[in-house]
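Enquirer: Data file query27.cif (mmCIF, C-alpha atoms; chains and numbers go by the auth columns) is appended below.
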```
data_start
#
loop_
_atom_site.group_PDB
_atom_site.id
_atom_site.type_symbol
_atom_site.label_atom_id
_atom_site.label_comp_id
_atom_site.label_asym_id
_atom_site.label_seq_id
_atom_site.Cartn_x
_atom_site.Cartn_y
_atom_site.Cartn_z
_atom_site.B_iso_or_equiv
_atom_site.auth_seq_id
_atom_site.auth_asym_id
ATOM 1 C CA HIS A 1 0.000 0.000 0.000 0.00 1 I
ATOM 2 C CA VAL A 2 2.818 2.437 0.807 0.00 2 I
ATOM 3 C CA ALA A 3 4.556 1.584 -2.469 0.00 3 I
ATOM 4 C CA ALA A 4 1.300 2.321 -4.323 0.00 4 I
ATOM 5 C CA ALA A 5 1.020 5.665 -2.533 0.00 5 I
ATOM 6 C CA CYS A 6 4.605 6.482 -3.584 0.00 6 I
ATOM 7 C CA ALA A 7 3.770 5.598 -7.184 0.00 7 I
ATOM 8 C CA MET A 8 0.648 7.778 -7.127 0.00 8 I
ATOM 9 C CA LEU A 9 2.617 10.705 -5.720 0.00 9 I
ATOM 10 C CA LEU A 10 5.390 10.325 -8.299 0.00 10 I
ATOM 11 C CA SER A 11 2.886 10.043 -11.153 0.00 11 I
ATOM 12 C CA PHE A 12 1.632 13.488 -10.139 0.00 12 I
ATOM 13 C CA SER A 13 5.069 15.014 -9.441 0.00 13 I
ATOM 14 C CA PRO A 14 7.813 12.907 -11.101 0.00 14 I
ATOM 15 C CA GLU A 15 10.507 15.451 -10.152 0.00 15 I
ATOM 16 C CA LEU A 16 10.234 14.632 -6.432 0.00 16 I
ATOM 17 C CA ASP A 17 13.313 13.002 -4.940 0.00 17 I
ATOM 18 C CA PRO A 18 13.086 10.111 -2.417 0.00 18 I
ATOM 19 C CA ASP A 19 13.344 12.422 0.609 0.00 19 I
ATOM 20 C CA ASP A 20 10.471 14.554 -0.727 0.00 20 I
ATOM 21 C CA VAL A 21 8.308 11.449 -1.154 0.00 21 I
ATOM 22 C CA VAL A 22 9.053 10.201 2.362 0.00 22 I
ATOM 23 C CA THR A 23 8.432 13.636 3.902 0.00 23 I
ATOM 24 C CA THR A 24 5.094 14.010 2.107 0.00 24 I
ATOM 25 C CA ILE A 25 3.823 10.556 3.054 0.00 25 I
ATOM 26 C CA LYS A 26 4.876 10.923 6.683 0.00 26 I
ATOM 27 C CA GLY A 27 3.462 14.447 6.851 0.00 27 I
ATOM 28 C CA ALA A 28 0.026 13.214 5.725 0.00 28 I
ATOM 29 C CA ALA A 29 0.005 10.184 8.066 0.00 29 I
ATOM 30 C CA VAL A 30 -2.559 9.977 10.871 0.00 30 I
ATOM 31 C CA ASP A 31 -1.089 9.616 14.364 0.00 31 I
ATOM 32 C CA VAL A 32 -3.079 6.790 15.994 0.00 32 I
ATOM 33 C CA GLY A 33 -0.883 6.517 19.105 0.00 33 I
ATOM 34 C CA LEU A 34 0.918 3.290 18.243 0.00 34 I
ATOM 35 C CA THR A 35 4.158 2.796 20.170 0.00 35 I
ATOM 36 C CA GLY A 36 6.855 2.117 17.599 0.00 36 I
ATOM 37 C CA GLY A 37 4.325 2.701 14.848 0.00 37 I
ATOM 38 C CA GLY A 38 6.431 5.160 12.874 0.00 38 I
ATOM 39 C CA ALA A 39 4.709 8.262 11.508 0.00 39 I
ATOM 40 C CA GLY A 40 1.262 6.686 11.863 0.00 40 I
ATOM 41 C CA LEU A 41 -1.465 5.352 9.612 0.00 41 I
ATOM 42 C CA LEU A 42 -1.035 5.766 5.838 0.00 42 I
ATOM 43 C CA ASN A 43 -3.397 8.530 4.736 0.00 43 I
ATOM 44 C CA VAL A 44 -3.823 8.697 0.968 0.00 44 I
ATOM 45 C CA THR A 45 -6.832 11.017 1.265 0.00 45 I
ATOM 46 C CA ASP A 46 -4.655 13.864 2.560 0.00 46 I
ATOM 47 C CA LEU A 47 -1.571 13.028 0.502 0.00 47 I
ATOM 48 C CA LEU A 48 -2.512 15.559 -2.182 0.00 48 I
ATOM 49 C CA LYS A 49 -4.834 17.690 -0.051 0.00 49 I
ATOM 50 C CA TYR A 50 -3.182 21.034 -0.893 0.00 50 I
ATOM 51 C CA ASP A 51 -2.898 20.448 -4.625 0.00 51 I
ATOM 52 C CA SER A 52 -6.479 20.910 -5.792 0.00 52 I
ATOM 53 C CA THR A 53 -6.860 23.986 -3.582 0.00 53 I
ATOM 54 C CA LEU A 54 -3.571 25.726 -4.362 0.00 54 I
ATOM 55 C CA ASN A 55 -3.025 24.959 -8.041 0.00 55 I
ATOM 56 C CA GLY A 56 -4.540 27.535 -10.355 0.00 56 I
ATOM 57 C CA GLU A 57 -5.950 26.613 -13.748 0.00 57 I
ATOM 58 C CA GLY A 58 -3.375 24.797 -15.863 0.00 58 I
ATOM 59 C CA SER A 59 -0.895 24.283 -13.001 0.00 59 I
ATOM 60 C CA ILE A 60 -0.146 20.799 -11.614 0.00 60 I
ATOM 61 C CA ILE A 61 2.662 21.195 -9.088 0.00 61 I
ATOM 62 C CA HIS A 62 2.612 19.263 -5.807 0.00 62 I
ATOM 63 C CA PHE A 63 2.421 21.005 -2.420 0.00 63 I
ATOM 64 C CA ALA A 64 3.304 19.705 1.033 0.00 64 I
ATOM 65 C CA SER A 65 3.315 21.120 4.554 0.00 65 I
ATOM 66 C CA GLY A 66 4.622 19.601 7.772 0.00 66 I
ATOM 67 C CA GLY A 67 6.344 20.492 11.025 0.00 67 I
ATOM 68 C CA ASP A 68 4.620 21.643 14.195 0.00 68 I
ATOM 69 C CA TYR A 69 2.271 24.020 12.351 0.00 69 I
ATOM 70 C CA PRO A 70 1.311 22.621 8.919 0.00 70 I
ATOM 71 C CA TRP A 71 -0.944 24.744 6.757 0.00 71 I
ATOM 72 C CA ALA A 72 -4.654 23.899 6.705 0.00 72 I
ATOM 73 C CA VAL A 73 -7.214 23.992 3.866 0.00 73 I
ATOM 74 C CA GLY A 74 -10.639 25.629 3.905 0.00 74 I
ATOM 75 C CA ASP A 75 -12.953 28.026 2.037 0.00 75 I
ATOM 76 C CA GLY A 76 -11.012 27.758 -1.215 0.00 76 I
ATOM 77 C CA SER A 77 -7.527 28.516 0.100 0.00 77 I
ATOM 78 C CA ALA A 78 -4.735 27.202 2.304 0.00 78 I
ATOM 79 C CA PHE A 79 -3.763 29.087 5.465 0.00 79 I
ATOM 80 C CA SER A 80 -1.068 29.063 8.139 0.00 80 I
ATOM 81 C CA THR A 81 -1.818 27.515 11.542 0.00 81 I
ATOM 82 C CA ASN A 82 0.665 29.099 13.943 0.00 82 I
ATOM 83 C CA GLY A 83 -1.590 32.000 14.971 0.00 83 I
ATOM 84 C CA GLY A 84 -0.967 33.127 18.529 0.00 84 I
ATOM 85 C CA VAL A 85 2.315 31.226 18.815 0.00 85 I
ATOM 86 C CA ASN A 86 5.259 33.583 19.287 0.00 86 I
ATOM 87 C CA SER A 87 8.560 32.804 17.537 0.00 87 I
ATOM 88 C CA SER A 88 7.021 30.197 15.223 0.00 88 I
ATOM 89 C CA VAL A 89 6.908 29.338 11.527 0.00 89 I
ATOM 90 C CA SER A 90 4.223 27.711 9.361 0.00 90 I
ATOM 91 C CA THR A 91 5.383 26.699 5.874 0.00 91 I
ATOM 92 C CA VAL A 92 3.825 25.227 2.743 0.00 92 I
ATOM 93 C CA MET A 93 6.215 24.248 -0.021 0.00 93 I
ATOM 94 C CA SER A 94 6.544 22.804 -3.485 0.00 94 I
ATOM 95 C CA ARG A 95 9.362 21.538 -5.668 0.00 95 I
ATOM 96 C CA ALA A 96 8.946 22.408 -9.333 0.00 96 I
ATOM 97 C CA PHE A 97 11.153 21.742 -12.343 0.00 97 I
ATOM 98 C CA LEU A 98 11.385 25.105 -14.096 0.00 98 I
ATOM 99 C CA GLY A 99 12.875 26.492 -17.242 0.00 99 I
ATOM 100 C CA ALA A 100 14.991 29.651 -17.285 0.00 100 I
ATOM 101 C CA TYR A 101 13.158 32.778 -16.109 0.00 101 I
ATOM 102 C CA GLN A 102 9.828 31.000 -15.761 0.00 102 I
ATOM 103 C CA GLU A 103 6.952 33.070 -14.385 0.00 103 I
ATOM 104 C CA ILE A 104 4.922 32.342 -11.260 0.00 104 I
ATOM 105 C CA SER A 105 1.792 34.040 -9.988 0.00 105 I
ATOM 106 C CA PHE A 106 -0.365 33.453 -6.924 0.00 106 I
ATOM 107 C CA GLU A 107 -3.007 35.145 -4.790 0.00 107 I
ATOM 108 C CA TYR A 108 -2.350 35.840 -1.124 0.00 108 I
ATOM 109 C CA LYS A 109 -3.598 37.812 1.827 0.00 109 I
ATOM 110 C CA VAL A 110 -2.391 38.392 5.378 0.00 110 I
ATOM 111 C CA SER A 111 -4.074 39.398 8.604 0.00 111 I
ATOM 112 C CA SER A 112 -1.222 40.016 11.018 0.00 112 I
ATOM 113 C CA GLU A 113 0.701 42.420 13.213 0.00 113 I
ATOM 114 C CA GLN A 114 2.375 44.947 10.910 0.00 114 I
ATOM 115 C CA ASP A 115 6.157 44.499 10.532 0.00 115 I
ATOM 116 C CA HIS A 116 6.273 41.682 13.106 0.00 116 I
ATOM 117 C CA ASP A 117 4.397 38.733 11.591 0.00 117 I
ATOM 118 C CA VAL A 118 5.293 38.255 7.916 0.00 118 I
ATOM 119 C CA LEU A 119 4.342 36.125 4.923 0.00 119 I
ATOM 120 C CA SER A 120 7.351 35.533 2.694 0.00 120 I
ATOM 121 C CA PHE A 121 7.738 33.723 -0.626 0.00 121 I
ATOM 122 C CA LYS A 122 11.097 32.116 -1.399 0.00 122 I
ATOM 123 C CA ALA A 123 12.681 30.295 -4.340 0.00 123 I
ATOM 124 C CA ASN A 124 15.685 28.163 -3.373 0.00 124 I
ATOM 125 C CA GLY A 125 15.921 30.229 -0.178 0.00 125 I
ATOM 126 C CA GLN A 126 15.918 33.619 -1.951 0.00 126 I
ATOM 127 C CA VAL A 127 13.133 35.898 -0.707 0.00 127 I
ATOM 128 C CA LEU A 128 11.090 37.244 -3.633 0.00 128 I
ATOM 129 C CA MET A 129 8.134 38.749 -1.742 0.00 129 I
ATOM 130 C CA THR A 130 7.086 39.730 1.780 0.00 130 I
ATOM 131 C CA ALA A 131 3.755 40.964 3.152 0.00 131 I
ATOM 132 C CA SER A 132 2.600 42.011 6.597 0.00 132 I
ATOM 133 C CA GLY A 133 -0.232 43.852 8.321 0.00 133 I
ATOM 134 C CA GLU A 134 -3.797 43.664 7.043 0.00 134 I
ATOM 135 C CA THR A 135 -4.473 43.124 3.323 0.00 135 I
ATOM 136 C CA GLY A 136 -7.274 41.836 1.149 0.00 136 I
ATOM 137 C CA TRP A 137 -6.508 39.350 -1.593 0.00 137 I
ATOM 138 C CA GLN A 138 -3.473 40.460 -3.629 0.00 138 I
ATOM 139 C CA THR A 139 -1.784 38.939 -6.702 0.00 139 I
ATOM 140 C CA PHE A 140 1.957 38.428 -6.934 0.00 140 I
ATOM 141 C CA THR A 141 3.505 37.889 -10.362 0.00 141 I
ATOM 142 C CA GLY A 142 7.224 37.421 -10.819 0.00 142 I
ATOM 143 C CA VAL A 143 9.979 35.546 -12.603 0.00 143 I
ATOM 144 C CA ILE A 144 11.815 32.775 -10.755 0.00 144 I
ATOM 145 C CA PRO A 145 15.570 33.611 -10.797 0.00 145 I
ATOM 146 C CA ALA A 146 16.598 29.934 -11.033 0.00 146 I
ATOM 147 C CA ASN A 147 15.992 26.923 -13.228 0.00 147 I
ATOM 148 C CA GLY A 148 16.025 23.174 -12.916 0.00 148 I
ATOM 149 C CA SER A 149 14.648 21.734 -9.671 0.00 149 I
ATOM 150 C CA VAL A 150 13.515 24.733 -7.586 0.00 150 I
ATOM 151 C CA GLN A 151 12.208 24.669 -4.005 0.00 151 I
ATOM 152 C CA LEU A 152 9.281 27.096 -3.577 0.00 152 I
ATOM 153 C CA GLU A 153 8.243 28.077 -0.030 0.00 153 I
ATOM 154 C CA TRP A 154 5.486 30.239 1.421 0.00 154 I
ATOM 155 C CA GLU A 155 6.330 30.937 5.065 0.00 155 I
ATOM 156 C CA TYR A 156 4.305 32.743 7.722 0.00 156 I
ATOM 157 C CA SER A 157 6.739 33.649 10.488 0.00 157 I
ATOM 158 C CA LYS A 158 5.954 35.238 13.847 0.00 158 I
ATOM 159 C CA ASP A 159 8.308 37.011 16.218 0.00 159 I
ATOM 160 C CA ALA A 160 7.831 37.406 19.965 0.00 160 I
ATOM 161 C CA SER A 161 5.805 40.629 19.750 0.00 161 I
ATOM 162 C CA GLY A 162 2.305 39.124 19.839 0.00 162 I
ATOM 163 C CA SER A 163 -0.394 39.128 17.186 0.00 163 I
ATOM 164 C CA ALA A 164 -3.113 41.141 15.484 0.00 164 I
ATOM 165 C CA GLY A 165 -6.133 40.420 13.265 0.00 165 I
ATOM 166 C CA GLN A 166 -6.673 36.785 12.348 0.00 166 I
ATOM 167 C CA ASP A 167 -2.938 36.150 12.733 0.00 167 I
ATOM 168 C CA LYS A 168 -2.825 34.118 9.513 0.00 168 I
ATOM 169 C CA ALA A 169 -1.569 34.120 5.958 0.00 169 I
ATOM 170 C CA PHE A 170 -3.682 32.751 3.099 0.00 170 I
ATOM 171 C CA LEU A 171 -2.700 31.362 -0.324 0.00 171 I
ATOM 172 C CA ARG A 172 -4.523 30.215 -3.487 0.00 172 I
ATOM 173 C CA ASN A 173 -4.360 30.036 -7.317 0.00 173 I
ATOM 174 C CA VAL A 174 -0.667 29.293 -7.801 0.00 174 I
ATOM 175 C CA ARG A 175 0.145 29.287 -11.515 0.00 175 I
ATOM 176 C CA ILE A 176 3.416 28.647 -13.321 0.00 176 I
ATOM 177 C CA ALA A 177 3.524 29.925 -16.885 0.00 177 I
ATOM 178 C CA GLU A 178 6.023 29.605 -19.707 0.00 178 I
ATOM 179 C CA THR A 179 7.977 32.678 -20.790 0.00 179 I
ATOM 180 C CA LEU A 180 10.043 33.340 -23.900 0.00 180 I
ATOM 181 C CA SER A 181 13.183 32.484 -21.950 0.00 181 I
ATOM 182 C CA SER A 182 11.823 29.250 -20.481 0.00 182 I
ATOM 183 C CA VAL A 183 10.815 27.811 -23.874 0.00 183 I
ATOM 184 C CA ILE A 184 13.904 28.990 -25.777 0.00 184 I
ATOM 185 C CA ASN A 185 16.667 27.913 -23.405 0.00 185 I
ATOM 186 C CA ALA A 186 17.994 24.371 -23.629 0.00 186 I
ATOM 187 C CA ASP A 187 18.472 22.436 -20.388 0.00 187 I
ATOM 188 C CA GLY A 188 21.232 24.063 -18.358 0.00 188 I
ATOM 189 C CA SER A 189 21.120 27.334 -20.296 0.00 189 I
ATOM 190 C CA ASN A 190 19.994 30.511 -18.557 0.00 190 I
ATOM 191 C CA ILE A 191 19.792 33.350 -21.089 0.00 191 I
ATOM 192 C CA LEU A 192 17.222 36.117 -20.669 0.00 192 I
ATOM 193 C CA PHE A 193 15.309 36.779 -23.901 0.00 193 I
ATOM 194 C CA GLU A 194 13.153 39.861 -24.405 0.00 194 I
ATOM 195 C CA SER A 195 10.827 41.064 -27.137 0.00 195 I
ATOM 196 C CA ALA A 196 9.003 44.367 -27.433 0.00 196 I
ATOM 197 C CA GLY A 197 7.654 46.709 -30.081 0.00 197 I
ATOM 198 C CA GLN A 198 4.490 46.480 -32.141 0.00 198 I
ATOM 199 C CA TYR A 199 4.914 42.766 -32.977 0.00 199 I
ATOM 200 C CA PRO A 200 6.686 41.000 -30.083 0.00 200 I
ATOM 201 C CA TRP A 201 7.569 37.312 -30.200 0.00 201 I
ATOM 202 C CA ILE A 202 5.181 35.029 -28.306 0.00 202 I
ATOM 203 C CA VAL A 203 5.238 31.610 -26.645 0.00 203 I
ATOM 204 C CA ASP A 204 3.835 28.907 -28.940 0.00 204 I
ATOM 205 C CA GLY A 205 3.853 25.523 -27.229 0.00 205 I
ATOM 206 C CA ASP A 206 7.461 24.509 -26.607 0.00 206 I
ATOM 207 C CA ALA A 207 8.962 27.273 -28.743 0.00 207 I
ATOM 208 C CA ALA A 208 8.771 30.998 -29.426 0.00 208 I
ATOM 209 C CA LYS A 209 7.454 32.409 -32.685 0.00 209 I
ATOM 210 C CA SER A 210 7.517 35.830 -34.309 0.00 210 I
ATOM 211 C CA GLY A 211 4.458 37.995 -33.806 0.00 211 I
ATOM 212 C CA ASN A 212 4.082 39.695 -37.194 0.00 212 I
ATOM 213 C CA ALA A 213 2.526 36.922 -39.245 0.00 213 I
ATOM 214 C CA ARG A 214 0.667 38.221 -42.317 0.00 214 I
ATOM 215 C CA VAL A 215 1.679 41.850 -41.615 0.00 215 I
ATOM 216 C CA ASN A 216 3.428 43.257 -44.685 0.00 216 I
ATOM 217 C CA ASN A 217 6.495 45.491 -44.267 0.00 217 I
ATOM 218 C CA SER A 218 6.918 44.586 -40.593 0.00 218 I
ATOM 219 C CA VAL A 219 9.588 43.335 -38.201 0.00 219 I
ATOM 220 C CA SER A 220 9.332 41.115 -35.109 0.00 220 I
ATOM 221 C CA GLU A 221 12.512 41.161 -33.055 0.00 221 I
ATOM 222 C CA LEU A 222 13.813 38.995 -30.197 0.00 222 I
ATOM 223 C CA THR A 223 16.928 40.031 -28.264 0.00 223 I
ATOM 224 C CA ALA A 224 19.325 38.715 -25.624 0.00 224 I
ATOM 225 C CA THR A 225 22.602 40.016 -24.223 0.00 225 I
ATOM 226 C CA VAL A 226 25.265 37.412 -23.442 0.00 226 I
ATOM 227 C CA GLU A 227 28.895 37.706 -22.343 0.00 227 I
ATOM 228 C CA MET A 228 30.904 35.197 -24.385 0.00 228 I
ATOM 229 C CA ALA A 229 34.589 34.473 -24.609 0.00 229 I
ATOM 230 C CA ALA A 230 36.131 34.557 -28.078 0.00 230 I
ATOM 231 C CA GLY A 231 35.909 31.266 -29.924 0.00 231 I
ATOM 232 C CA ARG A 232 32.925 29.847 -28.043 0.00 232 I
ATOM 233 C CA SER A 233 30.227 28.197 -30.117 0.00 233 I
ATOM 234 C CA PHE A 234 26.572 29.213 -30.154 0.00 234 I
ATOM 235 C CA ALA A 235 23.791 26.890 -31.279 0.00 235 I
ATOM 236 C CA PHE A 236 20.020 27.074 -31.624 0.00 236 I
ATOM 237 C CA ARG A 237 17.203 25.297 -33.455 0.00 237 I
ATOM 238 C CA TYR A 238 14.895 27.182 -35.780 0.00 238 I
ATOM 239 C CA ARG A 239 12.366 26.733 -38.574 0.00 239 I
ATOM 240 C CA THR A 240 10.535 29.089 -40.916 0.00 240 I
ATOM 241 C CA GLU A 241 7.130 29.094 -42.608 0.00 241 I
ATOM 242 C CA CYS A 242 7.135 32.083 -44.929 0.00 242 I
ATOM 243 C CA GLY A 243 6.979 33.315 -48.457 0.00 243 I
ATOM 244 C CA SER A 244 9.748 34.613 -50.689 0.00 244 I
ATOM 245 C CA GLY A 245 11.071 37.927 -49.409 0.00 245 I
ATOM 246 C CA ASP A 246 10.263 37.113 -45.768 0.00 246 I
ATOM 247 C CA LYS A 247 13.278 35.978 -43.755 0.00 247 I
ATOM 248 C CA LEU A 248 14.650 35.124 -40.333 0.00 248 I
#
```
Could you render the structure as structure tokens?

Expert:
Amino acid sequence: HVAAACAMLLSFSPELDPDDVVTTIKGAAVDVGLTGGGAGLLNVTDLLKYDSTLNGEGSIIHFASGGDYPWAVGDGSAFSTNGGVNSSVSTVMSRAFLGAYQEISFEYKVSSEQDHDVLSFKANGQVLMTASGETGWQTFTGVIPANGSVQLEWEYSKDASGSAGQDKAFLRNVRIAETLSSVINADGSNILFESAGQYPWIVDGDAAKSGNARVNNSVSELTATVEMAAGRSFAFRYRTECGSGDKL
């Protein structure tokens, strides 16, 4: 049964490493008070309990939360559970395999003591957003400054000052979207590509394509700035579908 639960988890998130799988399964287990019974009773129902609530449309990353104050789920969002506990942390996390400069967005709100109790969002330990005080639902949109296997964490941390409001952070509708850079870069490459003007390049499946199709006397330009030593090679794949006189 445990092996089947591992297989189900990996079918949803194949990028998880063995430690991630063990942590998730143990974190969802039900403590039934058995001496020497390990983490408890296998609980497949809660194994993916954050995923349907936190993933926005089109996103299928896996979320987990453990420790003394795991996040809870209710009313269409997940929320921290360390309210009223000074010097504590409640964290929900995900590991996603991302391309270069891939974009993430999510909705959040906090009800906390201003400048003392803080919601932070981190990618591989780098803080990309913080929020404190009293807010309604807000949307964060940003580019992840890392690629490959990236640890994403939403952490509600409290100091020893006390609390205010509901003393919680809330999270929902996490979406990860492709960008020009994430579809153009090969594995291990991390070049920032940009396109502007009247006919910018756009993401088209697993590639980027020019944005001026069927517009006579027009230009669609894609740019990147790279520091390269003399003599280094540069390679890319391309294809064209155009008439005579139109060229890449």

Enquirer: For I:Pro14, which residue out of I:Cys242, I:Ile60, I:Val143, I:Ala213 is the nearest one, using all atoms listed in the file?

Expert: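 Among I:Cys242, I:Ile60, I:Val143, I:Ala213, it is I:Ile60 that comes nearest to I:Pro14.
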
Enquirer: By how many Å are atom CA of I:Leu171 and atom CA of I:Asp206 apart?

Expert: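 Atom CA of I:Asp206 lies 29.0 Å from atom CA of I:Leu171.
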
Enquirer: Could you write out as a compact mmCIF listing (two decimals) with C-alpha atoms, in the coordinates of the input the residues that the PyMOL selection byres ((chain I and resi 116) around 8) matches in the shown file?

Expert:
```
# COMPACT_ATOMS: atom_id res chain seq x y z
CA SER I 112 -1.22 40.02 11.02
CA GLU I 113 0.70 42.42 13.21
CA GLN I 114 2.38 44.95 10.91
CA ASP I 115 6.16 44.50 10.53
CA ASP I 117 4.40 38.73 11.59
CA VAL I 118 5.29 38.26 7.92
CA SER I 132 2.60 42.01 6.60
CA LYS I 158 5.95 35.24 13.85
CA ASP I 159 8.31 37.01 16.22
CA SER I 161 5.80 40.63 19.75
```

Enquirer: Got a sec to check which residues sit within 7 Å of (11.0, 40.3, -39.3), counting only C-alpha atoms, and write them as a PDB file with C-alpha atoms, in the frame of the given file?

Expert:
```pdb
ATOM      1  CA  SER I 218       6.918  44.586 -40.593  1.00  0.00           C
ATOM      2  CA  VAL I 219       9.588  43.335 -38.201  1.00  0.00           C
ATOM      3  CA  SER I 220       9.332  41.115 -35.109  1.00  0.00           C
ATOM      4  CA  GLU I 221      12.512  41.161 -33.055  1.00  0.00           C
ATOM      5  CA  LYS I 247      13.278  35.978 -43.755  1.00  0.00           C
ATOM      6  CA  LEU I 248      14.650  35.124 -40.333  1.00  0.00           C
TER       7      LEU I 248
END
```

Enquirer: With the file shown as input, list the residues that the PyMOL selection byres ((chain I and resi 44) around 9) selects, as a list in words.

Expert: Ala5, Ile25, Ala28, Ala29, Leu42, Asn43, Thr45, Asp46, Leu47 and Leu48 of chain I

Enquirer: Using only C-alpha atoms, find the one residue out of I:Ser163, I:Ser105, I:Ser80, I:Asn190 that sits nearest to I:Ala146.

Expert: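 Smallest separation from I:Ala146 among the options: I:Asn190.
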
Enquirer: Contacts of stretch 225-232 of chain I at 12 Å or less, counting only C-alpha atoms, minus same-chain residues fewer than 5 places along, as a compact mmCIF listing (two decimals) with C-alpha atoms, keeping the file's coordinate frame?

Expert:
```
# COMPACT_ATOMS: atom_id res chain seq x y z
CA SER I 189 21.12 27.33 -20.30
CA ASN I 190 19.99 30.51 -18.56
CA ILE I 191 19.79 33.35 -21.09
CA LEU I 192 17.22 36.12 -20.67
CA PHE I 193 15.31 36.78 -23.90
CA GLU I 194 13.15 39.86 -24.40
```

Enquirer: Return as a list in words the set of residues that the PyMOL selection byres ((chain I and resi 150) around 6) yields on the displayed structure.

Expert: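 On this input, the PyMOL selection byres ((chain I and resi 150) around 6) captures Arg95, Ala96, Asn124, Ser149 and Gln151 of chain I.
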
Enquirer: Go through I:Thr135, I:Ser65, I:Gln102, I:Ser52 and flag the residue nearest I:Asn173, using all atoms listed in the file for the distances.

Expert: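 Among the listed residues, the smallest separation from I:Asn173 belongs to I:Ser52.
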
Enquirer: Which residues come within 7 Å of I:Leu119, counting only C-alpha atoms, excluding same-chain residues fewer than 6 positions away, as a CSV table (one decimal) with C-alpha atoms, keeping the file's coordinate frame?

Expert:
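File selection-v3.csv, as written:
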```csv
chain,number,residue,atom,x,y,z
I,130,THR,CA,7.1,39.7,1.8
I,131,ALA,CA,3.8,41.0,3.2
I,132,SER,CA,2.6,42.0,6.6
I,154,TRP,CA,5.5,30.2,1.4
I,155,GLU,CA,6.3,30.9,5.1
I,156,TYR,CA,4.3,32.7,7.7
I,157,SER,CA,6.7,33.6,10.5
I,169,ALA,CA,-1.6,34.1,6.0
```

Enquirer: Give as a PyMOL selection string the set of residues within 12 Å of the point (-12.3, 32.6, 3.3), where distances use the file's coordinates and all atoms listed in the file.

Expert: chain I and resi 73-79+108-111+136-137+166+168-172

Enquirer: How many Å lie between atom CA of I:Gly83 and atom CA of I:Glu134, rounded to one decimal?

Expert: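 So the answer is 14.3 Å.
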